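Below: one structure, written as structure tokens.
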Amino acid sequence: MWDVMEADQGFPAYHLARTAIGCLCKDPGWNYLITLAESCKLLKDFPKGSSLLQRIATEPGHIHQANFSGYLLRRRLLAELEPTTGSGNAKYDMAALAGDVIIDIEMKALTSSAPARQVSREIVEKCRKLPSSPPRPVVFFVLLVETSITSNHKSWPDQLSSITPSVFDHTTGVSSVVVGRMFVDSVGGPVKWSFDKFVINEHACHRVDEPLLRLVFEPNWQRLTYPLMPIVFSYNLTDRADGKTNK
């Protein structure tokens with residue numbers, strides 16, 4: 001069925017069909033939803049967690065935020081959800097414990113095959129909403145998301161290599177960029193996270209090094225079984241404003 005599905009066509013009948021042919025334990029869509037459900041159980045009792053969970057139904061971008069926050073919470077590294085930046089009403093997505101240091105994390109899910117320009121724009125825009133000297137290190141977590149199962153997976157190294165220190169564009173508010181992805185391998189089980197590149201801003205107000213970042217951004221696996229199956233679907237959990245049902 002991978003041959004005929006488009007990236008935005010994840011609907012219940014598709015998941016049921018996959019289950020019927022014995023793929024429940026390895027299907028990316030099911031595993032993603034199960035991982036999200038487990039994260040929701042943890043987050044509902046965490047400060048500000050209920051507010052985040054209420055928004056995932058209407059703002060799909062918060063689904064990734066909830067999943068990654070749940071991943072940090074399971075490891076007892078989640079310090080805060082949506083902390084303020086110290087400038088107006090602007091907020092980060094989350095804060096995490098890195099040893100004795102608390103870092104603020106801004107998470108961006110990007111689908112571009114050449115994401116460097118997008119990352120640079122996002123950093124510049126965020127820095128406009130930060131105080132001149134943020135009180136804590138600020139880390140951009142860039143989650144590269146597949147748009148189609150038929151994407152050329154050989155482009156992954158090219159995507160990574162395109163994100164260099166030039167994305168900081170002389171800004172000092174963001175300390176680093178971490179580039180990662182999420183997927184299900186052929187063993188199945190919970191969604192797996194990988195963190196494949198750490199880009200350090202040498203001119204940041206708060207410089208952080210890669211070993212410190214790896215305390216937070218640590219893969220939840222020791223060995224992968226190929227092939228890897230990327231998460232290619234988005235989930236809209238409410239009806240649309242025009243009365244039609246979302247997929």
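Residues are named by chain letter and number: chains run A, B, ... in the order of the structure tokens, numbers start at 1 in each chain, and ligands are numbered from 1 in the order shown.
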
Need the shell around A:Leu224: protein/DNA/RNA residues with any atom at most 12 Å away, counting only C-alpha atoms. Skip same-chain ones fewer than 5 positions apart. Format as a PyMOL selection string? chain A and resi 183-189+191-194+219+229

Name the residues of stretch 101-215 of chain A that fall into strand (DSSP E or B) according to DSSP on the backbone, using the chain letters and numbers of this document, as number ranges by chain. A: 101-110, 138-144, 176-184, 192-200

Can I get the selected residues back with N, CA, C and O atoms, as a compact mmCIF listing (two decimals), in the first residue's frame?
```
# COMPACT_ATOMS: atom_id res chain seq x y z
N VAL A 101 22.54 22.40 33.86
CA VAL A 101 22.14 23.55 33.06
C VAL A 101 20.72 23.33 32.53
O VAL A 101 20.36 22.23 32.13
N ILE A 102 19.92 24.39 32.55
CA ILE A 102 18.60 24.35 31.91
C ILE A 102 18.71 25.06 30.57
O ILE A 102 19.19 26.19 30.49
N ILE A 103 18.27 24.38 29.52
CA ILE A 103 18.29 24.97 28.19
C ILE A 103 16.86 25.14 27.70
O ILE A 103 15.99 24.30 27.96
N ASP A 104 16.61 26.24 27.00
CA ASP A 104 15.31 26.47 26.38
C ASP A 104 15.35 25.92 24.96
O ASP A 104 16.34 26.11 24.24
N ILE A 105 14.27 25.24 24.57
CA ILE A 105 14.24 24.56 23.28
C ILE A 105 13.09 25.09 22.44
O ILE A 105 11.95 25.17 22.89
N GLU A 106 13.42 25.46 21.22
CA GLU A 106 12.42 25.84 20.22
C GLU A 106 12.42 24.74 19.16
O GLU A 106 13.46 24.46 18.54
N MET A 107 11.28 24.08 18.97
CA MET A 107 11.21 22.93 18.08
C MET A 107 10.53 23.32 16.77
O MET A 107 9.46 23.93 16.77
N LYS A 108 11.17 22.96 15.66
CA LYS A 108 10.62 23.27 14.35
C LYS A 108 10.62 22.00 13.49
O LYS A 108 11.65 21.37 13.32
N ALA A 109 9.45 21.63 12.98
CA ALA A 109 9.33 20.50 12.06
C ALA A 109 9.34 21.04 10.64
O ALA A 109 8.46 21.79 10.25
N LEU A 110 10.35 20.67 9.86
CA LEU A 110 10.52 21.19 8.51
C LEU A 110 10.49 20.04 7.51
O LEU A 110 10.97 18.95 7.78
N VAL A 138 19.66 28.91 24.37
CA VAL A 138 18.51 28.63 23.52
C VAL A 138 18.95 27.68 22.41
O VAL A 138 19.92 27.95 21.70
N VAL A 139 18.24 26.57 22.28
CA VAL A 139 18.59 25.55 21.30
C VAL A 139 17.42 25.36 20.34
O VAL A 139 16.28 25.19 20.78
N PHE A 140 17.70 25.40 19.05
CA PHE A 140 16.70 25.07 18.04
C PHE A 140 16.79 23.58 17.74
O PHE A 140 17.86 23.10 17.34
N PHE A 141 15.69 22.86 17.94
CA PHE A 141 15.63 21.45 17.54
C PHE A 141 14.87 21.38 16.23
O PHE A 141 13.67 21.61 16.18
N VAL A 142 15.59 21.08 15.16
CA VAL A 142 15.00 21.00 13.82
C VAL A 142 14.69 19.54 13.52
O VAL A 142 15.60 18.71 13.40
N LEU A 143 13.41 19.23 13.44
CA LEU A 143 12.96 17.89 13.13
C LEU A 143 12.67 17.83 11.63
O LEU A 143 11.73 18.47 11.15
N LEU A 144 13.46 17.09 10.89
CA LEU A 144 13.25 16.95 9.45
C LEU A 144 12.23 15.85 9.21
O LEU A 144 12.44 14.70 9.60
N SER A 176 22.62 26.97 19.61
CA SER A 176 22.93 25.84 18.72
C SER A 176 21.69 25.37 17.99
O SER A 176 20.56 25.72 18.37
N VAL A 177 21.93 24.57 16.97
CA VAL A 177 20.86 23.89 16.23
C VAL A 177 21.14 22.39 16.30
O VAL A 177 22.26 21.95 16.02
N VAL A 178 20.13 21.64 16.70
CA VAL A 178 20.22 20.18 16.69
C VAL A 178 19.27 19.67 15.62
O VAL A 178 18.10 20.07 15.58
N VAL A 179 19.77 18.83 14.73
CA VAL A 179 18.97 18.32 13.62
C VAL A 179 18.69 16.84 13.86
O VAL A 179 19.62 16.06 14.13
N GLY A 180 17.42 16.47 13.78
CA GLY A 180 17.08 15.07 14.02
C GLY A 180 15.90 14.62 13.18
O GLY A 180 15.37 15.36 12.36
N ARG A 181 15.48 13.40 13.42
CA ARG A 181 14.32 12.83 12.73
C ARG A 181 13.69 11.76 13.61
O ARG A 181 14.28 11.32 14.60
N MET A 182 12.48 11.33 13.26
CA MET A 182 11.79 10.27 13.99
C MET A 182 11.28 9.25 12.98
O MET A 182 10.93 9.60 11.84
N PHE A 183 11.21 7.99 13.41
CA PHE A 183 10.85 6.93 12.49
C PHE A 183 10.52 5.67 13.28
O PHE A 183 10.68 5.62 14.51
N VAL A 184 10.04 4.66 12.59
CA VAL A 184 9.85 3.33 13.15
C VAL A 184 10.75 2.40 12.36
O VAL A 184 10.76 2.45 11.12
N LYS A 192 11.10 5.98 17.25
CA LYS A 192 12.51 6.17 17.59
C LYS A 192 12.96 7.56 17.15
O LYS A 192 12.52 8.08 16.14
N TRP A 193 13.86 8.13 17.94
CA TRP A 193 14.41 9.46 17.67
C TRP A 193 15.90 9.33 17.37
O TRP A 193 16.62 8.58 18.04
N SER A 194 16.37 10.05 16.37
CA SER A 194 17.80 10.16 16.13
C SER A 194 18.18 11.64 16.05
O SER A 194 17.37 12.46 15.62
N PHE A 195 19.39 11.94 16.47
CA PHE A 195 19.88 13.31 16.48
C PHE A 195 21.21 13.29 15.74
O PHE A 195 22.22 12.80 16.24
N ASP A 196 21.18 13.78 14.51
CA ASP A 196 22.25 13.49 13.56
C ASP A 196 23.25 14.61 13.35
O ASP A 196 24.29 14.39 12.75
N LYS A 197 22.92 15.81 13.82
CA LYS A 197 23.88 16.90 13.62
C LYS A 197 23.70 17.95 14.71
O LYS A 197 22.58 18.29 15.08
N PHE A 198 24.83 18.45 15.22
CA PHE A 198 24.84 19.49 16.23
C PHE A 198 25.66 20.66 15.69
O PHE A 198 26.85 20.52 15.40
N VAL A 199 25.01 21.78 15.50
CA VAL A 199 25.66 22.96 14.93
C VAL A 199 25.77 24.00 16.04
O VAL A 199 24.75 24.42 16.62
N ILE A 200 26.97 24.41 16.35
CA ILE A 200 27.24 25.30 17.48
C ILE A 200 27.45 26.73 16.99
O ILE A 200 28.17 26.96 16.02
```

Can you tell me, as a ChimeraX atom specification, what residues are no more than 9 Å from A:Ala114 when counting only C-alpha atoms, ignoring any on the same chain fewer than 2 positions away? /A:111-112,116-118,158-160,162-163

Which residues are close to A:Asn89, i.e. within 12 Å by only C-alpha atoms, leaving aside same-chain residues fewer than 5 positions away? Reply as a ChimeraX atom specification. /A:82-84,129-131

May I have the selected residues written with all heavy atoms, as an mmCIF file, in the first residue's frame?
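Heads up, here's the output in out.cif:
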```
data_model
loop_
_atom_site.group_PDB
_atom_site.id
_atom_site.type_symbol
_atom_site.label_atom_id
_atom_site.label_comp_id
_atom_site.auth_asym_id
_atom_site.auth_seq_id
_atom_site.Cartn_x
_atom_site.Cartn_y
_atom_site.Cartn_z
ATOM 1 N N GLU A 82 6.635 25.474 27.600
ATOM 2 C CA GLU A 82 6.367 26.828 27.138
ATOM 3 C C GLU A 82 6.832 27.903 28.120
ATOM 4 O O GLU A 82 6.053 28.752 28.549
ATOM 5 C CB GLU A 82 4.872 26.970 26.821
ATOM 6 C CG GLU A 82 4.441 25.997 25.732
ATOM 7 C CD GLU A 82 2.988 26.136 25.340
ATOM 8 O OE1 GLU A 82 2.189 26.624 26.163
ATOM 9 O OE2 GLU A 82 2.646 25.743 24.207
ATOM 10 N N PRO A 83 8.118 27.883 28.476
ATOM 11 C CA PRO A 83 8.646 28.954 29.327
ATOM 12 C C PRO A 83 8.685 30.273 28.567
ATOM 13 O O PRO A 83 8.824 30.292 27.337
ATOM 14 C CB PRO A 83 10.055 28.468 29.669
ATOM 15 C CG PRO A 83 10.431 27.586 28.518
ATOM 16 C CD PRO A 83 9.152 26.909 28.090
ATOM 17 N N THR A 84 8.565 31.371 29.272
ATOM 18 C CA THR A 84 8.616 32.685 28.630
ATOM 19 C C THR A 84 10.051 33.028 28.257
ATOM 20 O O THR A 84 11.009 32.581 28.895
ATOM 21 C CB THR A 84 8.057 33.764 29.568
ATOM 22 O OG1 THR A 84 8.839 33.785 30.782
ATOM 23 C CG2 THR A 84 6.605 33.472 29.916
ATOM 24 N N LYS A 129 12.283 38.235 18.960
ATOM 25 C CA LYS A 129 11.392 38.130 20.113
ATOM 26 C C LYS A 129 12.137 37.795 21.400
ATOM 27 O O LYS A 129 11.520 37.485 22.413
ATOM 28 C CB LYS A 129 10.333 37.050 19.837
ATOM 29 C CG LYS A 129 9.515 37.309 18.580
ATOM 30 C CD LYS A 129 8.579 36.148 18.291
ATOM 31 C CE LYS A 129 7.810 36.369 16.994
ATOM 32 N NZ LYS A 129 6.929 35.218 16.670
ATOM 33 N N LEU A 130 13.456 37.844 21.349
ATOM 34 C CA LEU A 130 14.267 37.517 22.521
ATOM 35 C C LEU A 130 14.874 38.779 23.114
ATOM 36 O O LEU A 130 15.113 39.765 22.408
ATOM 37 C CB LEU A 130 15.396 36.556 22.140
ATOM 38 C CG LEU A 130 15.023 35.196 21.571
ATOM 39 C CD1 LEU A 130 16.281 34.389 21.266
ATOM 40 C CD2 LEU A 130 14.131 34.431 22.535
ATOM 41 N N PRO A 131 15.136 38.768 24.416
ATOM 42 C CA PRO A 131 15.912 39.872 24.993
ATOM 43 C C PRO A 131 17.320 39.876 24.408
ATOM 44 O O PRO A 131 17.773 38.878 23.833
ATOM 45 C CB PRO A 131 15.918 39.543 26.491
ATOM 46 C CG PRO A 131 15.610 38.089 26.587
ATOM 47 C CD PRO A 131 14.751 37.752 25.412
#
```

Excluding stretch 63-71 of chain A and residues on its chain fewer than 2 positions from it, collect all residues at most 10 Å away from it, counting only C-alpha atoms, and give them as a PyMOL selection string. chain A and resi 32-33+35-43+46+49+52-53+55-61+73-81+93-96+106-109+143+182+191-193+220+234-236

May I ask for the distance between atom CA of A:Gly88 and atom CA of A:Val167, given in Å to one decimal place?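 Atom CA of A:Val167 lies 24.9 Å from atom CA of A:Gly88.
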
Can you list, as JSON, numbers by chain, all residues belonging to stretch 31-226 of chain A that DSSP tags as alpha helix (DSSP H)? {"A": [31, 32, 33, 34, 35, 36, 37, 38, 39, 40, 41, 42, 43, 49, 50, 51, 52, 53, 54, 55, 61, 62, 63, 64, 65, 66, 67, 68, 69, 70, 71, 72, 73, 74, 116, 117, 118, 119, 120, 121, 122, 123, 124, 125, 126, 127, 156, 157, 158, 159, 160, 161, 162, 210, 211, 212, 213, 214, 215, 216]}

Distance criterion (only C-alpha atoms): nearest to A:Leu213 out of A:Thr171, A:Ser87, A:Arg121, A:Ala98: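 Looking at the shortest contact to A:Leu213, the residue is A:Ala98.
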
Gap from atom CA of A:Thr225 to atom CA of A:Pro190 - Å, one decimal: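 So the two atoms, atom CA of A:Thr225 and atom CA of A:Pro190, lie 13.5 Å apart.
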
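For the atom pair formed by atom CA of A:Trp30 and atom CA of A:Ile231, the distance is 10.1 Å, given to one decimal.
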